[in-house]
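Asks: This is the structure I have questions about; it appears just below.
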Amino acid sequence: MRDILRSTWEGAAYDAYQRGQLRDADAALKKAGSLATSEKRTTIEHNQAVLEIDQHPVEPRQSA
């Protein structure tokens with residue numbers, strides 16, 4: 001049952017991300033992460049890292 005709930009939250013995160021609702025996607029991934037096994041948690045952590053990059057992009061460096 002936990003795996004179904006985790007998968008549902010991951011789907012919700014994907015849908016929110018596609019709509020540009022990064023805050024909702026982040027919240028859904030946190031819920032999915034709390035339900036994930038260690039095997040699935042790696043994927044969720046990767047997705048959270050992608051969200052972090054989207055929320056806080058790094059400015060390109062100026063070449064000298």
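In the structure tokens, the first chain shown is A, the next is B, and so on; residue numbers restart at 1 for each chain, and ligands run from 1 in the order shown.
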Any chance you could list, as a ChimeraX atom specification, the residues in chain A that come up helix (DSSP H, G or I) when DSSP is run on the backbone?
Replies: /A:2-18,22-35,38-55
Asks: Provide the CA of Ala36 in chain A to CA of Asp54 in chain A distance in Å, to one decimal place.
Replies: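 Separation between CA of Ala36 in chain A and CA of Asp54 in chain A: 23.1 Å.
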Asks: Within 7 Å of Ile44 in chain A, counting only C-alpha atoms, which residues qualify if same-chain residues fewer than 3 places away don't, as an mmCIF file with N, CA and C atoms, in the first residue's frame?
Replies:
data_model
loop_
_atom_site.group_PDB
_atom_site.id
_atom_site.type_symbol
_atom_site.label_atom_id
_atom_site.label_comp_id
_atom_site.auth_asym_id
_atom_site.auth_seq_id
_atom_site.Cartn_x
_atom_site.Cartn_y
_atom_site.Cartn_z
ATOM 1 N N LEU A 29 6.890 15.632 -3.643
ATOM 2 C CA LEU A 29 8.081 14.785 -3.555
ATOM 3 C C LEU A 29 8.478 14.510 -2.107
ATOM 4 N N GLY A 33 8.813 10.904 -0.634
ATOM 5 C CA GLY A 33 10.045 10.493 0.032
ATOM 6 C C GLY A 33 9.810 9.882 1.393
ATOM 7 N N LYS A 40 13.840 3.350 -3.865
ATOM 8 C CA LYS A 40 13.059 4.378 -4.561
ATOM 9 C C LYS A 40 13.459 5.781 -4.121
ATOM 10 N N ARG A 41 14.016 5.902 -2.930
ATOM 11 C CA ARG A 41 14.379 7.210 -2.404
ATOM 12 C C ARG A 41 15.451 7.888 -3.262
ATOM 13 N N ASN A 47 15.059 13.817 -8.195
ATOM 14 C CA ASN A 47 14.009 14.742 -8.630
ATOM 15 C C ASN A 47 13.978 15.998 -7.763
ATOM 16 N N GLN A 48 14.232 15.850 -6.466
ATOM 17 C CA GLN A 48 14.286 17.013 -5.582
ATOM 18 C C GLN A 48 15.477 17.900 -5.947
#
Asks: One number please: CA of Gly11 in chain A to CA of Val58 in chain A, in Å, one decimal.
Replies: 27.3 Å
Asks: Residues at most 7 Å from Trp9 in chain A, counting only C-alpha atoms, excluding those fewer than 3 positions away in the same chain, as a JSON list (two decimals) with N, CA, C and O atoms, in the first residue's frame?
Replies:
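part.json, written as the output of this step:
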[["chain", "number", "residue", "atom", "x", "y", "z"],
["A", 5, "LEU", "N", 0.92, 4.58, -2.61],
["A", 5, "LEU", "CA", 0.84, 5.97, -2.17],
["A", 5, "LEU", "C", 2.05, 6.77, -2.63],
["A", 5, "LEU", "O", 1.92, 7.90, -3.10],
["A", 6, "ARG", "N", 3.24, 6.17, -2.51],
["A", 6, "ARG", "CA", 4.46, 6.84, -2.97],
["A", 6, "ARG", "C", 4.38, 7.16, -4.45],
["A", 6, "ARG", "O", 4.67, 8.26, -4.88],
["A", 12, "ALA", "N", 1.84, 13.05, -8.78],
["A", 12, "ALA", "CA", 1.36, 14.40, -8.48],
["A", 12, "ALA", "C", 2.50, 15.41, -8.62],
["A", 12, "ALA", "O", 2.30, 16.52, -9.13],
["A", 13, "ALA", "N", 3.69, 15.03, -8.19],
["A", 13, "ALA", "CA", 4.86, 15.91, -8.32],
["A", 13, "ALA", "C", 5.18, 16.16, -9.79],
["A", 13, "ALA", "O", 5.46, 17.29, -10.19],
["A", 28, "ALA", "N", 4.91, 17.48, -2.92],
["A", 28, "ALA", "CA", 4.52, 16.11, -3.28],
["A", 28, "ALA", "C", 5.71, 15.16, -3.21],
["A", 28, "ALA", "O", 5.58, 14.02, -2.76],
["A", 29, "LEU", "N", 6.89, 15.63, -3.64],
["A", 29, "LEU", "CA", 8.08, 14.78, -3.56],
["A", 29, "LEU", "C", 8.48, 14.51, -2.11],
["A", 29, "LEU", "O", 8.95, 13.42, -1.79],
["A", 31, "LYS", "N", 6.39, 14.21, 0.37],
["A", 31, "LYS", "CA", 5.45, 13.19, 0.83],
["A", 31, "LYS", "C", 5.83, 11.83, 0.26],
["A", 31, "LYS", "O", 5.78, 10.82, 0.96],
["A", 32, "ALA", "N", 6.22, 11.81, -1.03],
["A", 32, "ALA", "CA", 6.64, 10.55, -1.65],
["A", 32, "ALA", "C", 7.90, 10.02, -0.96],
["A", 32, "ALA", "O", 8.01, 8.81, -0.71]]
Asks: Could you tell me how far CA of Arg2 in chain A lies from CA of Leu35 in chain A, in Å and to one decimal?
Replies: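 CA of Leu35 in chain A lies at a distance of 6.0 Å from CA of Arg2 in chain A.
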